[in-house]
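model-v6.cif (mmCIF, C-alpha atoms)
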```
data_upload
loop_
_atom_site.label_atom_id
_atom_site.label_comp_id
_atom_site.auth_asym_id
_atom_site.auth_seq_id
_atom_site.Cartn_x
_atom_site.Cartn_y
_atom_site.Cartn_z
CA MET A 818 -29.21 48.89 -2.73
CA SER A 819 -26.00 46.91 -2.67
CA LEU A 820 -25.75 43.19 -3.50
CA ASN A 821 -24.24 42.29 -0.10
CA PHE A 822 -27.23 43.79 1.69
CA VAL A 823 -29.68 41.71 -0.37
CA VAL A 824 -27.81 38.45 0.35
CA LYS A 825 -27.59 39.15 4.09
CA ARG A 826 -31.28 40.12 4.20
CA ASN A 827 -32.39 36.92 2.49
CA PHE A 828 -30.20 34.74 4.70
CA SER A 829 -31.65 36.38 7.81
CA ILE A 830 -35.23 35.73 6.69
CA TRP A 831 -34.40 32.06 5.94
CA SER A 832 -32.83 31.57 9.39
CA GLN A 833 -35.88 33.00 11.17
CA THR A 834 -38.20 30.79 9.12
CA LEU A 835 -36.29 27.65 10.13
CA LYS A 836 -36.39 28.58 13.83
CA LYS A 837 -40.19 29.03 13.70
CA SER A 838 -40.74 25.63 11.98
CA PRO A 839 -42.17 22.89 14.27
CA SER A 840 -39.81 20.23 15.63
CA SER A 841 -42.19 17.43 14.63
CA SER A 842 -41.51 17.88 10.91
CA GLY A 843 -41.31 14.63 8.87
CA SER A 844 -37.86 15.23 7.40
CA ARG A 845 -36.16 17.99 9.44
CA THR A 846 -35.48 18.83 13.12
CA VAL A 847 -33.84 21.87 14.65
CA ALA A 848 -31.26 21.36 17.42
CA SER A 849 -31.07 23.59 20.46
CA SER A 850 -28.12 25.41 18.94
CA GLY A 851 -30.12 26.32 15.85
CA ALA A 852 -28.24 23.91 13.47
CA LEU A 853 -30.24 21.98 10.87
CA ARG A 854 -30.21 18.14 11.05
CA VAL A 855 -31.70 16.18 8.15
CA ARG A 856 -33.08 12.68 8.71
CA PRO A 857 -32.53 10.07 5.96
CA VAL A 858 -35.60 9.20 3.93
CA PHE A 859 -34.59 5.50 3.61
CA LYS A 860 -32.84 3.49 6.28
CA PRO A 861 -30.18 1.14 4.76
CA HIS A 862 -30.01 -2.54 5.67
CA ASN A 863 -27.31 -3.73 8.07
CA SER A 864 -26.94 -0.20 9.41
CA SER A 865 -25.72 -1.28 12.79
CA PRO A 866 -22.35 0.43 13.53
CA ARG A 867 -21.06 -2.76 15.15
CA GLN A 868 -21.66 -4.91 12.06
CA VAL A 869 -18.94 -5.02 9.38
CA LYS A 870 -20.36 -4.42 5.92
CA THR A 871 -19.02 -6.68 3.17
CA PHE A 872 -20.05 -7.96 -0.26
CA GLU A 873 -19.40 -11.61 0.56
CA LYS A 874 -23.09 -12.40 1.07
CA ASN A 875 -23.75 -11.34 -2.52
CA LEU A 876 -20.95 -13.50 -3.98
CA PRO A 877 -21.27 -17.21 -4.84
CA TYR A 878 -20.19 -19.54 -2.05
CA SER A 879 -16.75 -21.03 -2.62
CA ASP A 880 -15.28 -23.75 -0.44
CA LYS A 881 -11.57 -22.98 -0.30
CA LYS A 882 -9.62 -26.23 -0.38
CA VAL A 883 -6.78 -26.43 2.10
CA LYS A 884 -3.56 -27.93 0.80
CA PRO A 885 -2.36 -31.05 2.62
CA TRP A 886 0.88 -29.37 3.71
CA GLU A 887 -1.13 -26.45 5.08
CA GLU A 888 -3.20 -28.85 7.18
CA GLN A 889 0.00 -30.30 8.66
CA ASN A 890 1.50 -26.81 9.06
CA ILE A 891 4.67 -27.67 7.14
CA SER A 892 6.27 -26.39 3.95
CA LYS A 893 5.52 -27.85 0.53
CA ASP A 894 9.10 -29.09 0.12
CA VAL A 895 9.06 -30.90 3.46
CA PHE A 896 5.69 -32.50 2.63
CA PHE A 897 6.89 -34.00 -0.65
CA MET A 898 10.23 -34.98 0.87
CA ARG A 899 8.38 -37.03 3.49
CA LYS A 900 6.07 -38.50 0.88
CA TYR A 901 8.63 -39.49 -1.77
CA GLY A 902 11.97 -39.35 0.03
CA ASN A 903 12.08 -43.00 1.10
CA ILE A 904 10.40 -44.78 -1.81
CA SER A 905 12.00 -47.81 -3.46
CA PRO A 906 13.90 -47.61 -6.78
CA GLU A 907 11.00 -49.36 -8.53
CA GLU A 908 8.52 -46.81 -7.19
CA ARG A 909 10.93 -44.01 -8.10
CA LYS A 910 11.12 -45.32 -11.67
CA LYS A 911 7.32 -45.48 -11.93
CA LEU A 912 7.06 -41.95 -10.54
CA ASP A 913 9.59 -40.63 -13.08
CA GLU A 914 7.70 -42.32 -15.90
CA LYS A 915 4.43 -40.82 -14.67
CA VAL A 916 5.94 -37.32 -14.54
CA ALA A 917 7.39 -37.77 -18.04
CA ARG A 918 3.98 -38.82 -19.38
CA GLN A 919 2.29 -35.86 -17.71
CA ARG A 920 4.81 -33.46 -19.22
CA ARG A 921 4.42 -34.99 -22.64
CA LEU A 922 0.62 -34.80 -22.44
CA ARG A 923 0.85 -31.20 -21.24
CA ASN A 924 3.04 -30.28 -24.21
CA MET A 925 0.62 -32.06 -26.56
CA ARG A 926 -2.28 -30.15 -25.04
CA LYS A 927 -0.46 -26.83 -25.43
CA GLU A 928 0.37 -27.63 -29.04
CA HIS A 929 -3.25 -28.58 -29.72
CA GLU A 930 -4.47 -25.33 -28.15
CA ARG A 931 -1.95 -23.36 -30.20
CA GLN A 932 -3.15 -25.00 -33.41
CA GLU A 933 -6.76 -24.31 -32.49
CA GLN A 934 -5.94 -20.65 -31.85
CA GLU A 935 -4.16 -20.36 -35.19
CA ALA A 936 -7.06 -22.03 -36.97
CA SER A 937 -9.53 -19.71 -35.24
CA ARG A 938 -7.41 -16.69 -36.15
CA ALA A 939 -7.20 -17.82 -39.76
CA GLU A 940 -10.97 -18.31 -39.83
CA ARG A 941 -11.55 -14.78 -38.54
CA VAL A 942 -9.20 -13.37 -41.17
CA GLU A 943 -11.03 -15.36 -43.83
CA LYS A 944 -14.37 -13.96 -42.73
CA ARG A 945 -13.08 -10.40 -42.72
CA SER A 946 -11.53 -10.71 -46.16
CA SER A 947 -14.19 -12.88 -47.81
CA ASN A 948 -15.22 -10.06 -50.13
CA ASP A 949 -11.76 -8.62 -50.75
CA ASN A 950 -9.49 -9.39 -53.68
CA TRP A 951 -5.72 -8.86 -53.74
CA GLY A 952 -3.84 -8.66 -56.98
CA GLY A 953 -6.86 -9.92 -58.93
CA GLU A 954 -6.95 -13.15 -56.84
CA ASP A 955 -8.91 -14.14 -53.76
CA ILE A 956 -6.77 -13.43 -50.69
CA ARG A 957 -8.10 -16.58 -48.99
CA SER A 958 -5.84 -18.63 -51.22
CA TYR A 959 -2.81 -17.13 -49.42
CA LYS A 960 -3.76 -18.00 -45.85
CA LYS A 961 -1.48 -20.42 -44.02
CA ASN A 962 -2.36 -23.96 -43.10
CA SER A 963 -1.92 -24.26 -39.33
CA LEU A 964 -1.03 -27.96 -39.62
CA TYR A 965 2.13 -27.17 -41.57
CA GLU A 966 5.12 -24.87 -41.25
CA TYR A 967 6.68 -22.89 -44.08
CA VAL A 968 10.40 -23.42 -44.62
CA TYR A 969 11.88 -20.66 -46.77
CA GLY A 970 15.21 -20.01 -48.44
CA THR A 971 17.04 -22.06 -51.06
CA HIS A 972 19.44 -23.85 -48.69
CA SER A 973 16.81 -24.50 -46.02
CA VAL A 974 14.33 -26.00 -48.49
CA LYS A 975 17.01 -28.07 -50.24
CA SER A 976 18.29 -29.47 -46.93
CA ALA A 977 14.75 -30.31 -45.81
CA LEU A 978 14.18 -32.30 -49.01
CA GLU A 979 17.56 -34.07 -48.98
CA ALA A 980 17.51 -34.97 -45.27
CA ASN A 981 14.04 -36.58 -45.56
CA LYS A 982 13.42 -36.31 -41.79
CA ARG A 983 9.94 -34.77 -42.02
CA SER A 984 6.76 -36.82 -42.12
CA SER A 985 5.12 -34.92 -44.98
CA TYR A 986 5.92 -32.47 -47.77
CA ASN A 987 2.81 -30.78 -49.11
CA LYS A 988 3.46 -27.91 -51.53
CA LEU A 989 6.38 -25.93 -52.98
CA TYR A 990 5.71 -22.27 -53.76
CA VAL A 991 8.21 -20.67 -56.14
CA HIS A 992 8.74 -17.35 -57.91
CA ASN A 993 11.58 -17.05 -60.44
CA CYS A 994 13.44 -19.85 -58.66
CA PRO A 995 16.94 -20.18 -60.24
CA ASP A 996 17.57 -23.67 -58.78
CA LYS A 997 15.71 -25.98 -61.18
CA GLN A 998 17.32 -29.03 -59.54
CA LEU A 999 15.48 -28.23 -56.32
CA ILE A 1000 12.13 -28.22 -58.14
CA LYS A 1001 13.02 -31.48 -59.85
CA ILE A 1002 13.83 -33.18 -56.51
CA ALA A 1003 10.56 -31.99 -54.98
CA GLU A 1004 8.49 -33.27 -57.90
CA SER A 1005 10.25 -36.57 -58.66
CA LYS A 1006 11.29 -37.76 -55.19
CA TYR A 1007 8.35 -36.64 -53.07
CA GLY A 1008 5.60 -35.83 -55.58
CA VAL A 1009 5.26 -32.31 -54.18
CA LYS A 1010 2.89 -29.99 -56.00
CA VAL A 1011 4.86 -27.01 -57.33
CA ILE A 1012 2.91 -23.72 -57.48
CA GLU A 1013 4.36 -20.80 -59.44
CA LYS A 1014 3.42 -17.43 -57.94
CA ALA A 1015 3.09 -14.26 -59.96
CA THR A 1016 4.83 -11.87 -57.58
CA LYS A 1017 7.36 -11.94 -54.77
CA ASN A 1018 4.80 -10.55 -52.34
CA ASP A 1019 2.78 -13.74 -52.66
CA LEU A 1020 5.57 -15.63 -50.89
CA ASN A 1021 6.15 -12.84 -48.35
CA ILE A 1022 2.77 -13.65 -46.82
CA LEU A 1023 3.71 -17.30 -46.29
CA CYS A 1024 7.07 -16.61 -44.60
CA ASN A 1025 6.19 -13.41 -42.70
CA ASN A 1026 8.40 -11.26 -44.95
CA GLY A 1027 11.44 -13.48 -44.47
CA VAL A 1028 14.20 -13.68 -47.10
CA HIS A 1029 12.81 -16.58 -49.11
CA ASN A 1030 14.90 -16.33 -52.33
CA GLY A 1031 11.80 -17.19 -54.34
CA VAL A 1032 11.08 -20.59 -52.74
CA VAL A 1033 8.84 -21.64 -49.81
CA LEU A 1034 8.12 -25.26 -48.80
CA GLU A 1035 4.92 -26.20 -46.99
CA THR A 1036 5.87 -29.17 -44.82
CA LYS A 1037 5.39 -30.80 -41.42
CA SER A 1038 7.52 -29.68 -38.49
CA LEU A 1039 10.61 -31.62 -37.47
CA GLU A 1040 10.09 -34.15 -34.68
CA PHE A 1041 13.02 -34.65 -32.30
CA GLU A 1042 13.73 -37.77 -30.28
CA SER A 1043 13.75 -37.52 -26.47
CA ILE A 1044 17.19 -38.45 -25.15
CA HIS A 1045 17.82 -40.39 -21.94
CA SER A 1046 21.62 -40.51 -21.75
CA LEU A 1047 24.87 -40.74 -23.69
CA GLY A 1048 26.60 -44.12 -23.69
CA GLU A 1049 30.11 -45.48 -24.03
CA CYS A 1050 32.46 -44.59 -26.89
CA ARG A 1051 34.66 -47.06 -28.75
CA ASP A 1052 36.26 -47.37 -32.21
CA ASN A 1053 35.05 -43.97 -33.44
CA LYS A 1054 31.49 -44.80 -32.42
CA TYR A 1055 29.29 -43.79 -29.50
CA LYS A 1056 25.92 -44.87 -28.10
CA VAL A 1057 22.84 -42.73 -27.54
CA SER A 1058 19.91 -43.90 -25.42
CA VAL A 1059 16.53 -42.42 -26.47
CA PHE A 1060 12.97 -42.89 -25.22
CA GLU A 1061 10.37 -44.77 -27.23
CA GLU A 1062 7.21 -42.70 -27.73
CA LEU A 1063 4.65 -45.43 -27.09
CA ASP A 1064 5.79 -47.23 -23.95
CA ASP A 1065 8.49 -44.93 -22.44
CA THR A 1066 11.16 -47.60 -22.77
CA THR A 1067 14.67 -46.71 -23.88
CA GLN A 1068 16.35 -47.74 -27.10
CA GLU A 1069 20.10 -47.63 -27.66
CA LYS A 1070 21.44 -46.34 -30.98
CA VAL A 1071 25.00 -46.48 -32.25
CA LYS A 1072 26.34 -43.38 -34.01
CA ARG A 1073 29.62 -42.74 -35.81
CA VAL A 1074 31.85 -39.77 -34.97
CA ALA A 1075 31.21 -37.14 -37.62
CA ARG A 1076 34.83 -36.02 -37.95
CA VAL A 1077 36.16 -39.47 -38.88
CA ASP A 1078 36.18 -40.90 -42.40
CA GLU A 1079 35.31 -44.56 -42.79
CA GLU A 1080 38.85 -45.40 -43.96
CA GLU A 1081 40.63 -43.19 -41.41
CA PRO A 1082 42.43 -45.25 -38.75
CA THR A 1083 42.66 -42.40 -36.21
CA SER A 1084 40.46 -42.87 -33.13
CA LYS A 1085 38.52 -39.78 -32.07
CA TYR A 1086 35.99 -39.02 -29.37
CA PRO A 1087 32.62 -37.36 -30.12
CA LEU A 1088 31.79 -33.76 -29.25
CA GLY A 1089 28.22 -32.79 -28.36
CA LEU A 1090 26.48 -29.52 -27.48
CA PHE A 1091 23.89 -28.87 -24.79
CA LEU A 1092 22.07 -25.53 -25.25
CA ASP A 1093 20.69 -24.39 -21.90
CA GLY A 1094 18.11 -21.58 -21.91
CA ILE A 1095 18.80 -20.08 -25.35
CA THR A 1096 15.51 -18.44 -26.38
CA ASP A 1097 16.51 -16.47 -29.49
CA PRO A 1098 15.86 -18.52 -32.68
CA GLN A 1099 18.47 -16.49 -34.59
CA ASN A 1100 21.15 -17.43 -32.05
CA MET A 1101 19.94 -21.01 -32.04
CA GLY A 1102 20.21 -21.21 -35.83
CA GLY A 1103 23.68 -19.65 -35.80
CA ILE A 1104 24.92 -22.18 -33.23
CA ILE A 1105 23.53 -25.10 -35.23
CA ARG A 1106 25.21 -23.76 -38.38
CA SER A 1107 28.62 -23.45 -36.68
CA ALA A 1108 28.27 -26.84 -35.00
CA TYR A 1109 27.46 -28.61 -38.26
CA TYR A 1110 30.29 -26.84 -40.09
CA PHE A 1111 32.95 -27.77 -37.50
CA GLY A 1112 31.76 -31.36 -37.16
CA VAL A 1113 29.91 -31.46 -33.84
CA ASP A 1114 28.17 -34.83 -33.57
CA PHE A 1115 24.85 -33.84 -31.99
CA ILE A 1116 22.95 -31.12 -30.14
CA VAL A 1117 20.67 -31.50 -27.10
CA VAL A 1118 18.05 -28.89 -26.20
CA PRO A 1119 15.66 -28.85 -23.20
CA THR A 1120 11.92 -29.13 -23.83
CA SER A 1121 11.22 -25.88 -21.94
CA ASN A 1122 12.75 -22.40 -21.87
CA THR A 1123 14.29 -22.76 -25.32
CA ALA A 1124 13.80 -21.24 -28.75
CA ARG A 1125 11.44 -22.94 -31.18
CA LEU A 1126 13.33 -24.85 -33.84
CA GLY A 1127 11.11 -23.64 -36.67
CA PRO A 1128 11.48 -21.74 -39.96
CA VAL A 1129 13.31 -18.75 -38.41
CA ALA A 1130 15.97 -20.93 -36.76
CA ASN A 1131 16.15 -23.06 -39.91
CA LYS A 1132 16.84 -20.02 -42.07
CA ALA A 1133 19.56 -18.82 -39.66
CA SER A 1134 21.12 -22.28 -39.74
CA VAL A 1135 21.21 -22.26 -43.58
CA GLY A 1136 19.50 -25.64 -43.66
CA SER A 1137 21.75 -27.43 -41.15
CA LEU A 1138 18.77 -27.80 -38.78
CA ASP A 1139 17.50 -30.71 -40.90
CA LEU A 1140 20.97 -32.22 -41.33
CA MET A 1141 22.10 -32.11 -37.68
CA ASP A 1142 21.32 -34.80 -35.08
CA ILE A 1143 19.20 -32.93 -32.51
CA TYR A 1144 17.61 -34.40 -29.39
CA GLU A 1145 15.18 -33.06 -26.80
CA CYS A 1146 15.69 -33.51 -23.05
CA GLU A 1147 12.97 -33.35 -20.39
CA SER A 1148 15.25 -33.47 -17.33
CA SER A 1149 18.54 -31.69 -17.98
CA LEU A 1150 20.22 -32.51 -14.67
CA ARG A 1151 19.30 -36.21 -14.82
CA PHE A 1152 20.60 -36.37 -18.40
CA ILE A 1153 23.91 -34.79 -17.31
CA ASP A 1154 24.27 -37.22 -14.40
CA ASN A 1155 23.53 -40.28 -16.54
CA SER A 1156 26.00 -39.20 -19.22
CA ARG A 1157 28.79 -38.53 -16.73
CA LYS A 1158 28.37 -42.04 -15.34
CA ASN A 1159 29.13 -43.38 -18.83
CA GLY A 1160 32.45 -41.53 -19.07
CA TRP A 1161 31.46 -38.23 -20.69
CA SER A 1162 33.19 -35.03 -19.57
CA VAL A 1163 30.80 -32.11 -19.13
CA ILE A 1164 32.32 -28.68 -19.77
CA SER A 1165 30.14 -25.64 -19.04
CA THR A 1166 30.92 -22.18 -20.34
CA SER A 1167 31.13 -19.52 -17.67
CA ALA A 1168 33.21 -16.38 -17.35
CA LYS A 1169 35.78 -16.63 -14.60
CA PRO A 1170 34.45 -14.63 -11.63
CA THR A 1171 36.32 -11.64 -10.31
CA ALA A 1172 37.57 -11.37 -6.73
CA GLU A 1173 34.48 -9.35 -5.76
CA GLU A 1174 32.13 -11.92 -7.32
CA LEU A 1175 33.91 -14.75 -5.51
CA LYS A 1176 33.63 -12.85 -2.25
CA GLU A 1177 29.90 -12.33 -2.78
CA LEU A 1178 29.40 -15.99 -3.70
CA LYS A 1179 31.37 -17.06 -0.64
CA SER A 1180 29.17 -14.96 1.61
CA LYS A 1181 26.11 -16.83 0.25
CA HIS A 1182 27.50 -20.35 0.17
CA GLU A 1183 31.13 -21.03 1.00
CA ARG A 1184 31.19 -24.65 -0.22
CA VAL A 1185 29.70 -23.71 -3.62
CA GLU A 1186 32.27 -20.97 -4.06
CA GLU A 1187 35.16 -23.33 -3.24
CA HIS A 1188 33.75 -26.06 -5.49
CA LEU A 1189 33.29 -23.81 -8.54
CA LYS A 1190 36.59 -21.96 -8.12
CA ASN A 1191 38.61 -25.16 -8.63
CA LYS A 1192 36.82 -26.22 -11.82
CA TYR A 1193 38.07 -23.53 -14.22
CA ILE A 1194 40.42 -24.53 -17.02
CA GLY A 1195 41.94 -22.55 -19.85
CA MET A 1196 40.78 -22.70 -23.47
CA ASP A 1197 44.09 -24.28 -24.43
CA GLU A 1198 43.24 -27.33 -22.32
CA LEU A 1199 40.05 -28.15 -24.25
CA PRO A 1200 41.75 -30.23 -27.01
CA GLU A 1201 43.53 -32.30 -24.34
CA VAL A 1202 40.25 -33.12 -22.60
CA LEU A 1203 38.63 -34.16 -25.90
CA SER A 1204 41.62 -36.36 -26.74
CA LYS A 1205 41.05 -38.40 -23.55
CA THR A 1206 37.25 -38.52 -23.14
CA PRO A 1207 34.07 -37.66 -25.08
CA VAL A 1208 32.95 -34.12 -24.32
CA LEU A 1209 29.54 -32.50 -23.83
CA LEU A 1210 29.93 -28.71 -24.13
CA VAL A 1211 27.18 -26.74 -22.34
CA MET A 1212 26.30 -23.27 -23.65
CA GLY A 1213 24.04 -20.88 -21.70
CA SER A 1214 22.08 -17.75 -22.53
CA GLU A 1215 23.78 -14.36 -22.73
CA GLY A 1216 21.66 -12.81 -19.98
CA GLU A 1217 21.38 -15.41 -17.22
CA GLY A 1218 24.14 -17.81 -18.25
CA ILE A 1219 24.23 -21.41 -17.08
CA ARG A 1220 22.36 -22.39 -13.94
CA THR A 1221 24.37 -23.02 -10.76
CA HIS A 1222 23.12 -26.62 -10.48
CA MET A 1223 24.42 -27.26 -13.99
CA LYS A 1224 27.81 -25.80 -13.09
CA LEU A 1225 28.04 -27.94 -9.96
CA ARG A 1226 27.42 -31.08 -12.03
CA SER A 1227 30.02 -30.11 -14.64
CA ASP A 1228 33.52 -31.55 -14.65
CA PHE A 1229 35.12 -28.32 -15.89
CA LEU A 1230 34.25 -24.66 -16.43
CA VAL A 1231 35.75 -22.58 -19.22
CA GLY A 1232 35.46 -18.95 -20.26
CA ILE A 1233 36.68 -16.70 -23.06
CA GLU A 1234 39.13 -14.10 -21.80
CA LYS A 1235 38.29 -10.49 -22.56
CA GLY A 1236 40.85 -8.36 -24.39
CA ARG A 1237 39.83 -4.92 -23.08
CA LYS A 1238 40.29 -5.24 -19.34
CA ASN A 1239 38.98 -1.82 -18.31
CA ASP A 1240 35.84 -1.76 -20.49
CA GLU A 1241 32.53 -2.38 -18.71
CA ILE A 1242 30.06 -1.72 -21.54
CA VAL A 1243 30.63 -4.80 -23.72
CA ASP A 1244 30.93 -7.51 -21.07
CA SER A 1245 30.05 -10.63 -23.08
CA LEU A 1246 30.00 -12.24 -26.51
CA ASN A 1247 27.00 -13.27 -28.53
CA VAL A 1248 26.29 -16.89 -27.62
CA SER A 1249 26.48 -17.94 -31.28
CA VAL A 1250 29.91 -16.36 -31.65
CA ALA A 1251 31.13 -17.82 -28.34
CA SER A 1252 29.94 -21.27 -29.39
CA GLY A 1253 31.88 -21.09 -32.64
CA ILE A 1254 35.07 -20.05 -30.82
CA LEU A 1255 34.87 -22.82 -28.20
CA ILE A 1256 33.93 -25.53 -30.71
CA SER A 1257 36.85 -24.52 -32.90
CA LYS A 1258 39.15 -24.57 -29.87
CA CYS A 1259 38.01 -28.04 -28.83
CA LEU A 1260 38.69 -29.45 -32.29
CA GLU A 1261 41.97 -27.60 -32.80
CA SER A 1262 44.20 -30.66 -32.84
CA SER A 1263 41.66 -33.39 -33.62
#
```

Produce structure tokens that represent the structure in this file.
Amino acid sequence: MSLNFVVKRNFSIWSQTLKKSPSSSGSRTVASSGALRVRPVFKPHNSSPRQVKTFEKNLPYSDKKVKPWEEQNISKDVFFMRKYGNISPEERKKLDEKVARQRRLRNMRKEHERQEQEASRAERVEKRSSNDNWGGEDIRSYKKNSLYEYVYGTHSVKSALEANKRSSYNKLYVHNCPDKQLIKIAESKYGVKVIEKATKNDLNILCNNGVHNGVVLETKSLEFESIHSLGECRDNKYKVSVFEELDDTTQEKVKRVARVDEEEPTSKYPLGLFLDGITDPQNMGGIIRSAYYFGVDFIVVPTSNTARLGPVANKASVGSLDLMDIYECESSLRFIDNSRKNGWSVISTSAKPTAEELKELKSKHERVEEHLKNKYIGMDELPEVLSKTPVLLVMGSEGEGIRTHMKLRSDFLVGIEKGRKNDEIVDSLNVSVASGILISKCLESS
């Protein structure tokens, strides 16, 4: 007997059995066509085909708040323009002070959260390694203190001690340090505890495997003053207006031009740098090093979208981070406007656009294209500008460059001409290299 015959025979018997079964069965019914229809054992809730089934009834009730501009059916920009567009100068000043306080408190809160995260991470590492020993010594003795930063490298540590701009110097870790004068300064001038480590790897942990040259300083971070504007220049001196931390008032300070000796009769104008959107600490350190070497008077950095001026940038700057006058700026555009009112010339670095780029810019905004096109000057004209007015040189990031609003507020635009005209692969310079070239060009005849 073949297998196909057995299967067909069994299927035939099963079909006849189903046809003979009564229609009043509890779970099955047979249609007139002989097809089998199975009734569900349980009937689900909300089974009506007209009712939409959702999970919202099982979720917690949330009252969605409608924004005030949504209630009025207008855009967010229009709402705030109506609200604050016609306020008095006194109210505008109070509003600016309120915004500045909110930003400062937000930065303080972020810094506090960061310190708490580092402390929590260090505590977890301590728990994991509580029973481990490294090099015959408890590894917990090598964990970092989150309240301090670790400056490493001979020049960086020496500059930090000589500048005396930090609020506290805690410990000095050394291993075969050849500079005995550095150790003497730390002990005698600041009373720093000097700890001799047995191996080089002990210091690698503190500086994240940076090139420490056998010396690491545990110290507080640098605190930078918040700048309001640049003032007038006279007799080889210039004024800087900074914010007071406690009451948000401004204080005016008088600085001397760095390139002028006290006995030199020649009158010179100051040169400052504004670093807009530079997020690489290595580039930041390289720019600070070049600026200090050439005699730039000060550097201004925004409080957001900028590299952290910590140990990595300090090492790249070879210690000039502690020696340079550096200010923070909360509102870049307002700072530029206030400084221009006091006679400062703002020069932004930007490559001269090609004919195609000008055409594209003109298609987007014709007035912007015409305004920017007439601002470009050659590098040879930089010394002439500095000989007539104080100059603030604005450097942007390699990727995005300087913002359009910053260019529109600038007095001049300058770019470095490319030597290989037909090459499209290398289309820009490193921002640290470009800064050194333009600073040197500005000071060529001063």

> Looking at only C-alpha atoms, which of A:Ala917, A:Cys1050, A:Ile1194, A:Leu1230 is the one that sits closest to Ser1148 in chain A?
Replying inline: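 Checking each candidate against Ser1148 in chain A, we get A:Ala917 as the closest.
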
> If the PyMOL selection byres ((chain A and resi 1054-1056) around 10) is run on the structure shown, which residues does it catch, given as a PyMOL selection string?
Replying inline: chain A and resi 1046-1053+1057-1059+1069-1075+1077+1084-1087+1114+1159+1207

>> With the PyMOL selection byres ((chain A and resi 985) around 6) as the selection, what would be picked from this file? Answer as a list in words, please.
In response: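 Taken over the shown coordinates, the PyMOL selection byres ((chain A and resi 985) around 6) returns Arg983, Ser984, Tyr986, Thr1036 and Lys1037 of chain A.
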
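Using only C-alpha atoms for every distance, the candidate list A:Thr1067, A:Ser1249, A:Thr1016, A:Ser1262 yields A:Ser1262 as the residue closest to Val1202 in chain A.
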
>> Once the PyMOL selection byres ((chain A and resi 1137) around 12) is applied to the coordinates I shared, what remains selected? I want it as a ChimeraX atom specification.
In response: /A:972-980,1101-1113,1115-1116,1126,1128,1130-1136,1138-1143

> Which neighbours of range 897-909 of chain A fall inside 12 Å, counting only C-alpha atoms, when residues of the same chain fewer than 6 positions from it are skipped, and could you give them as a count of residues only?
Replying inline: 6

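Taking CA of Gly1195 in chain A and CA of Glu1234 in chain A as endpoints, the distance between them is 9.1 Å.
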
Around all the atoms of range 964-978 of chain A listed in the file, with 4 Å of room on each side, what axis-aligned box do you get, giving centre and edge lengths in Å to one decimal, as lines of an AutoDock Vina configuration file?
```
center_x = 9.2
center_y = -26.2
center_z = -45.3
size_x = 28.5
size_y = 20.3
size_z = 19.4
```

> CA of His1222 in chain A and CA of Val1248 in chain A are how many Å apart?
Replying inline: 20.0 Å

> With all atoms listed in the file as the basis for distance, which of A:Tyr1193, A:Tyr967, A:Trp1161, A:Phe1060 is at the shortest distance from Lys1224 in chain A?
Replying inline: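 Nearest to Lys1224 in chain A: A:Tyr1193.
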
> Using all atoms listed in the file, which of the listed residues (A:Leu989, A:Ile1254, A:His929, A:Leu1092) sits closest to Leu1023 in chain A?
Replying inline: A:Leu989

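Taking CA of Arg921 in chain A and CA of Glu933 in chain A as endpoints, the distance between them is 18.3 Å.
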
>> Restricting the calculation to only C-alpha atoms: of A:Asp1228, A:Glu887, A:Asp1240, A:Glu1004, which residue gets closest to Ile1164 in chain A?
In response: A:Asp1228

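Among the candidates A:Asn1018, A:Val1129, A:Ala1003, A:Gly1094, the residue lying nearest to Gly970 in chain A is A:Val1129 (atoms considered: all atoms listed in the file).
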